[in-house]
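A.B. asks: File name my_file_14.csv; file contents CSV, C-alpha atoms and all ligand atoms; full text below.
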```csv
chain,number,residue,atom,x,y,z
A,215,MET,CA,102.8,74.4,-126.9
A,216,ARG,CA,99.9,74.9,-124.5
A,217,GLN,CA,100.0,71.2,-123.8
A,218,GLU,CA,103.6,71.4,-122.7
A,219,VAL,CA,102.7,74.1,-120.1
A,220,GLU,CA,99.9,71.8,-118.8
A,221,ALA,CA,102.2,68.8,-118.6
A,222,LEU,CA,105.0,70.8,-116.9
A,223,LEU,CA,102.5,72.2,-114.4
A,224,ALA,CA,101.3,68.7,-113.6
A,225,LEU,CA,105.0,67.6,-113.2
A,226,GLN,CA,105.7,70.6,-111.0
A,227,GLU,CA,102.8,69.8,-108.8
A,228,ASP,CA,104.3,66.3,-108.2
A,229,ASP,CA,107.7,67.7,-107.6
A,230,LEU,CA,106.5,70.2,-105.0
A,231,LYS,CA,104.7,67.3,-103.3
A,232,ILE,CA,107.8,65.2,-103.4
A,233,ARG,CA,109.9,68.0,-101.9
A,234,GLU,CA,107.3,68.4,-99.1
A,235,ILE,CA,107.5,64.7,-98.3
A,236,GLU,CA,111.3,64.8,-98.4
A,237,ASN,CA,111.3,67.8,-96.0
A,238,GLU,CA,109.0,65.8,-93.6
A,239,ILE,CA,111.4,62.9,-93.7
A,240,ARG,CA,114.4,65.1,-93.0
A,241,ALA,CA,112.5,66.7,-90.1
A,242,LEU,CA,112.4,63.3,-88.4
A,243,ASP,CA,116.2,62.7,-88.6
A,244,PRO,CA,117.0,65.2,-85.8
A,245,HIS,CA,114.5,63.5,-83.5
A,246,LEU,CA,116.3,60.1,-84.0
A,247,ALA,CA,119.7,61.8,-83.7
A,248,GLU,CA,118.6,63.5,-80.5
A,249,PHE,CA,117.4,60.1,-79.2
A,250,ASP,CA,120.9,58.6,-79.9
A,251,LYS,CA,122.6,61.5,-78.3
A,252,ARG,CA,120.5,61.4,-75.1
A,253,LYS,CA,120.9,57.7,-74.7
A,254,ALA,CA,124.7,57.9,-75.3
A,255,SER,CA,125.0,60.7,-72.8
A,256,ALA,CA,122.9,58.8,-70.1
A,257,ALA,CA,125.1,55.6,-70.7
A,258,ALA,CA,128.3,57.7,-70.4
A,259,ALA,CA,127.0,59.1,-67.1
A,260,VAL,CA,126.6,55.6,-65.7
A,261,THR,CA,130.1,54.6,-66.8
A,262,ARG,CA,131.6,57.8,-65.3
A,263,ALA,CA,129.8,57.1,-61.9
A,264,GLN,CA,130.9,53.5,-61.9
A,265,THR,CA,134.6,54.3,-62.8
A,266,ALA,CA,134.6,56.9,-60.0
A,267,VAL,CA,133.3,54.3,-57.4
A,268,GLU,CA,135.9,51.7,-58.6
A,269,ALA,CA,138.7,54.2,-58.0
A,270,GLU,CA,137.5,54.9,-54.5
A,271,GLU,CA,137.1,51.2,-53.8
A,272,LYS,CA,140.6,50.6,-54.9
A,273,LYS,CA,141.8,53.3,-52.4
A,274,GLN,CA,139.7,51.6,-49.7
A,275,ARG,CA,141.3,48.2,-50.3
A,276,GLU,CA,144.8,49.8,-50.1
A,277,LEU,CA,143.8,51.5,-46.8
A,278,GLN,CA,142.6,48.2,-45.4
A,279,GLN,CA,145.8,46.6,-46.4
A,280,ARG,CA,147.7,49.3,-44.6
A,281,LEU,CA,145.6,49.0,-41.5
A,282,ALA,CA,146.2,45.2,-41.5
A,283,GLN,CA,150.0,45.8,-41.7
A,284,HIS,CA,149.7,48.3,-38.8
A,285,LYS,CA,147.8,45.7,-36.8
A,286,THR,CA,150.5,43.1,-37.4
A,287,GLN,CA,153.1,45.7,-36.5
A,288,GLN,CA,151.2,46.5,-33.3
A,289,GLU,CA,151.1,42.8,-32.2
A,290,ARG,CA,154.8,42.7,-32.6
A,291,ASN,CA,155.1,46.0,-30.6
A,292,LEU,CA,153.0,44.6,-27.8
A,293,HIS,CA,155.1,41.4,-27.6
A,294,GLN,CA,158.2,43.5,-27.4
A,295,LEU,CA,156.7,45.5,-24.6
A,296,GLU,CA,156.0,42.4,-22.6
A,297,ASP,CA,159.5,41.1,-23.1
A,298,VAL,CA,161.5,44.3,-22.2
A,299,LYS,CA,163.5,44.2,-19.0
A,300,ARG,CA,165.0,47.6,-18.7
A,301,LEU,CA,163.2,50.9,-18.2
A,302,ARG,CA,164.8,52.6,-21.2
A,303,GLU,CA,163.7,49.8,-23.5
A,304,ALA,CA,160.2,50.0,-22.0
A,305,THR,CA,159.9,53.7,-22.7
A,306,ALA,CA,160.9,53.1,-26.4
A,307,ALA,CA,158.6,50.2,-26.8
A,308,THR,CA,155.7,52.1,-25.3
A,309,ALA,CA,156.3,55.0,-27.7
A,310,GLN,CA,156.3,52.6,-30.6
A,311,VAL,CA,152.9,51.2,-29.4
A,312,GLU,CA,151.5,54.7,-29.2
A,313,ALA,CA,152.8,55.7,-32.6
A,314,THR,CA,151.3,52.6,-34.2
A,315,ARG,CA,148.0,53.1,-32.4
A,316,ARG,CA,147.8,56.7,-33.9
A,317,LEU,CA,148.5,55.3,-37.3
A,318,MET,CA,145.8,52.7,-36.9
A,319,ALA,CA,143.3,55.4,-35.8
A,320,GLU,CA,144.2,57.5,-38.8
A,321,ASP,CA,143.7,54.4,-41.1
A,322,GLU,CA,140.3,53.7,-39.5
A,323,SER,CA,139.2,57.3,-39.8
A,324,GLU,CA,140.2,57.5,-43.5
A,325,ILE,CA,138.4,54.1,-44.2
A,326,ALA,CA,135.3,55.5,-42.5
A,327,ILE,CA,135.3,58.7,-44.5
A,328,LEU,CA,136.0,56.8,-47.7
A,329,GLY,CA,133.1,54.4,-46.9
A,330,ARG,CA,130.7,57.2,-46.6
A,331,ARG,CA,131.9,58.7,-49.8
A,332,ILE,CA,131.5,55.3,-51.6
A,333,ASN,CA,128.0,55.1,-50.3
A,334,GLU,CA,127.1,58.5,-51.7
A,335,MET,CA,128.8,57.6,-55.0
A,336,ASN,CA,126.9,54.3,-55.2
A,337,ALA,CA,123.7,56.3,-54.8
A,338,ALA,CA,124.9,58.4,-57.8
A,339,VAL,CA,125.5,55.2,-59.8
A,340,ALA,CA,122.0,54.0,-59.0
A,341,ALA,CA,120.5,57.4,-60.0
A,342,SER,CA,122.4,57.4,-63.3
A,343,LYS,CA,121.2,53.9,-64.0
A,344,GLN,CA,117.7,54.9,-63.3
A,345,ALA,CA,118.0,57.9,-65.6
A,346,LEU,CA,119.4,55.6,-68.4
A,347,ALA,CA,116.5,53.2,-67.9
A,348,ASP,CA,114.0,56.1,-68.1
A,349,VAL,CA,115.6,57.3,-71.3
A,350,GLU,CA,115.5,53.8,-72.8
A,351,ARG,CA,111.8,53.2,-71.8
A,352,GLU,CA,110.8,56.6,-73.2
A,353,GLN,CA,112.6,55.8,-76.5
A,354,LYS,CA,111.2,52.3,-76.7
A,355,GLU,CA,107.8,53.9,-77.0
A,356,ALA,CA,108.7,56.9,-79.1
A,357,ARG,CA,111.3,55.5,-81.5
A,358,PRO,CA,109.0,52.9,-83.3
A,359,GLU,CA,106.4,55.7,-83.7
A,360,ILE,CA,108.9,57.8,-85.5
A,361,GLU,CA,110.3,54.9,-87.5
A,362,ALA,CA,106.8,53.9,-88.6
A,363,LYS,CA,106.1,57.5,-89.6
A,364,ARG,CA,109.3,57.6,-91.6
A,365,ALA,CA,108.4,54.3,-93.3
A,366,ALA,CA,105.0,55.6,-94.3
A,367,LEU,CA,106.5,58.8,-95.6
A,368,GLN,CA,109.1,56.8,-97.6
A,369,SER,CA,106.4,54.7,-99.2
A,370,GLN,CA,104.4,57.9,-100.1
A,371,LEU,CA,107.6,59.3,-101.5
A,372,ASP,CA,108.3,56.2,-103.7
A,373,ASP,CA,104.7,56.4,-105.0
A,374,ALA,CA,105.0,60.1,-105.7
A,375,ARG,CA,108.3,59.6,-107.6
A,376,GLN,CA,106.9,56.8,-109.7
A,377,HIS,CA,103.9,58.9,-110.5
A,378,ARG,CA,106.1,61.9,-111.4
A,379,ASN,CA,108.4,59.9,-113.6
A,380,GLY,CA,105.4,58.6,-115.5
A,381,LYS,CA,104.5,62.1,-116.3
A,382,ALA,CA,107.9,63.3,-117.3
A,383,GLY,CA,107.5,61.6,-120.7
A,384,SER,CA,104.9,64.1,-121.8
A,385,VAL,CA,107.3,67.0,-121.6
A,386,SER,CA,109.9,67.6,-124.4
A,387,ARG,CA,113.4,66.7,-123.5
A,388,PRO,CA,114.9,70.3,-123.9
A,389,THR,CA,112.2,71.8,-121.7
A,390,LEU,CA,112.4,69.0,-119.2
A,391,GLY,CA,116.2,69.5,-119.1
A,392,LYS,CA,115.8,73.2,-118.4
A,393,TYR,CA,113.1,72.6,-115.9
A,394,ASP,CA,115.2,70.1,-113.9
A,395,ARG,CA,118.2,72.3,-113.9
A,396,ILE,CA,116.3,75.3,-112.6
A,397,ARG,CA,114.4,73.1,-110.1
A,398,GLY,CA,117.7,71.7,-108.8
A,399,ARG,CA,118.9,75.2,-108.0
A,400,ARG,CA,115.8,76.9,-106.7
A,401,GLY,CA,113.1,74.3,-105.9
A,402,GLN,CA,110.3,75.7,-107.9
A,403,ALA,CA,111.1,76.2,-111.6
A,404,LEU,CA,107.9,77.2,-113.3
A,405,TYR,CA,105.9,80.4,-112.6
A,406,ALA,CA,102.9,82.1,-114.3
A,407,LEU,CA,103.1,85.7,-115.3
A,408,ARG,CA,101.4,87.8,-112.7
A,409,GLY,CA,100.1,91.2,-113.8
A,410,GLY,CA,102.6,91.3,-116.7
A,411,SER,CA,105.5,90.5,-114.4
A,412,CYS,CA,107.5,87.4,-113.4
A,413,GLY,CA,105.5,85.5,-110.8
A,414,ASN,CA,108.7,84.8,-108.9
A,415,CYS,CA,110.8,88.0,-108.9
A,416,ASP,CA,108.2,90.6,-110.1
A,417,THR,CA,110.3,91.9,-112.9
A,418,ALA,CA,108.1,93.3,-115.7
A,419,VAL,CA,108.1,91.4,-118.9
A,420,PRO,CA,107.7,93.6,-122.1
A,421,LEU,CA,104.2,93.7,-123.5
A,422,GLN,CA,105.1,92.4,-126.9
A,423,ARG,CA,106.8,89.3,-125.4
A,424,ARG,CA,103.9,88.7,-123.1
A,425,ASN,CA,101.5,88.8,-126.0
A,426,LEU,CA,103.6,86.4,-127.9
A,427,MET,CA,103.8,84.0,-124.9
A,428,ALA,CA,100.0,84.2,-124.5
A,429,SER,CA,99.2,83.5,-128.2
A,430,SER,CA,101.8,80.8,-128.7
A,431,GLY,CA,101.8,79.2,-125.2
A,432,ASP,CA,105.6,79.3,-125.2
A,433,ILE,CA,107.6,78.9,-122.1
A,434,GLU,CA,110.2,81.6,-121.6
A,435,ILE,CA,113.0,82.2,-119.1
A,436,CYS,CA,112.8,85.2,-116.9
A,437,GLU,CA,115.8,87.4,-117.7
A,438,ALA,CA,116.0,88.7,-114.1
A,439,CYS,CA,115.8,85.5,-112.0
A,440,GLY,CA,116.1,82.7,-114.5
A,441,VAL,CA,112.8,80.8,-113.8
A,442,LEU,CA,110.5,79.4,-116.5
A,443,LEU,CA,107.5,81.7,-117.2
A,444,TYR,CA,104.3,81.0,-119.0
A,445,ALA,CA,101.2,83.1,-119.7
A,446,GLU,CA,98.0,82.0,-118.1
A,447,LEU,CA,95.0,81.9,-120.4
A,501,ZN,ZN,111.9,86.4,-112.5
```
Translate this structure into structure tokens?
C.D. replies:
Amino acid sequence: MRQEVEALLALQEDDLKIREIENEIRALDPHLAEFDKRKASAAAAVTRAQTAVEAEEKKQRELQQRLAQHKTQQERNLHQLEDVKRLREATAATAQVEATRRLMAEDESEIAILGRRINEMNAAVAASKQALADVEREQKEARPEIEAKRAALQSQLDDARQHRNGKAGSVSRPTLGKYDRIRGRRGQALYALRGGSCGNCDTAVPLQRRNLMASSGDIEICEACGVLLYAEL
């Protein structure tokens, strides 16, 4: 039975190493997810800035159309003013010219304000594009490093699993079954007795049982925490 303890300890050593590698691989995932998130958010900022500029440019085109209509209207007004004969008609035509001039001035002022706003917004578009380019450049360097690290760990993991499975044959099926079940629940399954107590939960094991474990090399289950226990020689 002593041999079984040795075989199980060797297996556990591999399993703990495998778990460590798996944890290292898992620790890389948030890095890559963070990269994706940052890139997506930088790209979304570019789209938002561009959409905002497009909306303002549409307004600008509409204002320019309105100004063009007012200019055409004003040409007609001026012709009318030239043609009028009577004073009353002249007063009305002059008022019309003045009204249209005010509208044109308003149009021009709005177009100028909008033009300044569009310039500012275009600067924001350029800044967001620069930020996206920075993120992409930074990731172009860092991402392959992480991916190479992950590939190296994965190959270590494959080797370790192969090595482990080669050893599993030297443990009896019932013991291996118990070991795998406990390991699945708690990570480490096999503990040595420590000062007469369970090496995991510290619950005392009766002397008689301890002596039996030491003499037979049997593996027992801790009644308190459920791990496998063996007595060290
Ligand atoms: Zn225990």
A.B. asks: Listing only residues of chain A within 8 Å of ligand ZN 501 (chain A), what is the closest atom pair and its distance in Å (to one decimal) for each, using only C-alpha atoms and all ligand atoms, sorted by chain and residue number ascending, as a Markdown table?
C.D. replies:
```
| residue | atom | partner | partner_atom | distance |
| --- | --- | --- | --- | --- |
| A:Ser411 | CA | A:ZN501 | ZN | 7.8 |
| A:Cys412 | CA | A:ZN501 | ZN | 4.6 |
| A:Gly413 | CA | A:ZN501 | ZN | 6.7 |
| A:Asn414 | CA | A:ZN501 | ZN | 5.1 |
| A:Cys415 | CA | A:ZN501 | ZN | 4.1 |
| A:Asp416 | CA | A:ZN501 | ZN | 6.1 |
| A:Thr417 | CA | A:ZN501 | ZN | 5.7 |
| A:Ile435 | CA | A:ZN501 | ZN | 7.9 |
| A:Cys436 | CA | A:ZN501 | ZN | 4.6 |
| A:Glu437 | CA | A:ZN501 | ZN | 6.6 |
| A:Ala438 | CA | A:ZN501 | ZN | 5.0 |
| A:Cys439 | CA | A:ZN501 | ZN | 4.0 |
| A:Gly440 | CA | A:ZN501 | ZN | 5.9 |
| A:Val441 | CA | A:ZN501 | ZN | 5.8 |
| A:Leu443 | CA | A:ZN501 | ZN | 8.0 |
```
A.B. asks: Step by step: start from the point (115.1, 58.7, -82.1) in the file's coordinates, keep every protein, DNA or RNA residue that has an atom no farther than 9 Å from it, count all atoms listed in the file, and write the set as a list in words.
C.D. replies: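 So the residues meeting the distance criterion are Leu242, Asp243, Pro244, His245, Leu246, Ala247, Glu248, Phe249, Asp250, Lys251, Gln353, Ala356, Arg357, Pro358, Ile360 and Glu361 of chain A.
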A.B. asks: Can you measure atom CA of Arg315 of chain A to atom CA of Gln288 of chain A for me? One decimal in Å is fine.
C.D. replies: 7.4 Å
A.B. asks: Can you tell me how far atom CA of Leu371 of chain A sits from atom CA of Arg395 of chain A, in Å to one decimal?
C.D. replies: 20.9 Å
A.B. asks: Using Å and a single decimal, report how far atom CA of Leu223 of chain A sits from atom CA of Ser386 of chain A.
C.D. replies: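 That distance, rounded to one decimal, is 13.3 Å.
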A.B. asks: Within 12 Å of (122.2, 57.2, -72.5), in the coordinates the file gives, what residues turn up when you count all atoms listed in the file, written out as a count of residues only?
C.D. replies: 27
A.B. asks: Have a look at A:Arg233, A:His284, A:Arg216, A:Arg316 and name the one nearest to Ser430 of chain A; count only C-alpha atoms.
C.D. replies: A:Arg216
A.B. asks: Excluding Glu234 of chain A and any residue of its chain fewer than 6 positions from it, enumerate the residues within 12 Å of it, using all atoms listed in the file, and give them as a PDB file with C-alpha atoms, in the coordinates of the input.
C.D. replies:
```pdb
ATOM      1  CA  GLU A 227     102.800  69.800-108.800  1.00  0.00           C
ATOM      2  CA  ASP A 228     104.300  66.300-108.200  1.00  0.00           C
ATOM      3  CA  ARG A 240     114.400  65.100 -93.000  1.00  0.00           C
ATOM      4  CA  ALA A 241     112.500  66.700 -90.100  1.00  0.00           C
ATOM      5  CA  LEU A 367     106.500  58.800 -95.600  1.00  0.00           C
ATOM      6  CA  GLN A 368     109.100  56.800 -97.600  1.00  0.00           C
ATOM      7  CA  GLN A 370     104.400  57.900-100.100  1.00  0.00           C
ATOM      8  CA  LEU A 371     107.600  59.300-101.500  1.00  0.00           C
ATOM      9  CA  ALA A 374     105.000  60.100-105.700  1.00  0.00           C
ATOM     10  CA  GLY A 401     113.100  74.300-105.900  1.00  0.00           C
ATOM     11  CA  GLN A 402     110.300  75.700-107.900  1.00  0.00           C
TER      12      GLN A 402
END
```
A.B. asks: Looking at all atoms listed in the file, which of A:Gln376, A:Thr389, A:Thr314, A:Ser369 is the one that sits closest to Ala282 of chain A?
C.D. replies: A:Thr314
A.B. asks: Can you tell me which residues surround Leu292 of chain A at a distance of at most 10 Å, considering only C-alpha atoms, apart from same-chain residues fewer than 4 positions away, and format the answer as a ChimeraX atom specification?
C.D. replies: /A:287-288,296-297,307-308,310-311
A.B. asks: As a PDB file with C-alpha atoms, in the coordinates of the input, please: the residues near His377 of chain A (cut-off 12 Å, only C-alpha atoms, same-chain neighbours under 4 positions excluded).
C.D. replies:
```pdb
ATOM      1  CA  ALA A 224     101.300  68.700-113.600  1.00  0.00           C
ATOM      2  CA  LEU A 225     105.000  67.600-113.200  1.00  0.00           C
ATOM      3  CA  GLN A 226     105.700  70.600-111.000  1.00  0.00           C
ATOM      4  CA  GLU A 227     102.800  69.800-108.800  1.00  0.00           C
ATOM      5  CA  ASP A 228     104.300  66.300-108.200  1.00  0.00           C
ATOM      6  CA  ASP A 229     107.700  67.700-107.600  1.00  0.00           C
ATOM      7  CA  LYS A 231     104.700  67.300-103.300  1.00  0.00           C
ATOM      8  CA  ILE A 232     107.800  65.200-103.400  1.00  0.00           C
ATOM      9  CA  GLN A 370     104.400  57.900-100.100  1.00  0.00           C
ATOM     10  CA  LEU A 371     107.600  59.300-101.500  1.00  0.00           C
ATOM     11  CA  ASP A 372     108.300  56.200-103.700  1.00  0.00           C
ATOM     12  CA  ASP A 373     104.700  56.400-105.000  1.00  0.00           C
ATOM     13  CA  LYS A 381     104.500  62.100-116.300  1.00  0.00           C
ATOM     14  CA  ALA A 382     107.900  63.300-117.300  1.00  0.00           C
ATOM     15  CA  GLY A 383     107.500  61.600-120.700  1.00  0.00           C
TER      16      GLY A 383
END
```
A.B. asks: Which residue out of A:Glu218, A:Glu276, A:Glu434, A:Glu312 has the minimum interatomic distance to Leu295 of chain A when only C-alpha atoms are used?
C.D. replies: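 Nearest candidate to Leu295 of chain A out of A:Glu218, A:Glu276, A:Glu434, A:Glu312: A:Glu312.
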A.B. asks: Return the single residue from A:Ala341, A:Leu222, A:Met335, A:Ile396 that is closest to Tyr444 of chain A, with distances computed using only C-alpha atoms.
C.D. replies: A:Leu222
A.B. asks: Taking only C-alpha atoms into account, name the residue in A:Leu317, A:Asn379, A:Arg275, A:Ile235 that is nearest to Ala366 of chain A.
C.D. replies: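 Among the listed residues, A:Ile235 lies closest to Ala366 of chain A.
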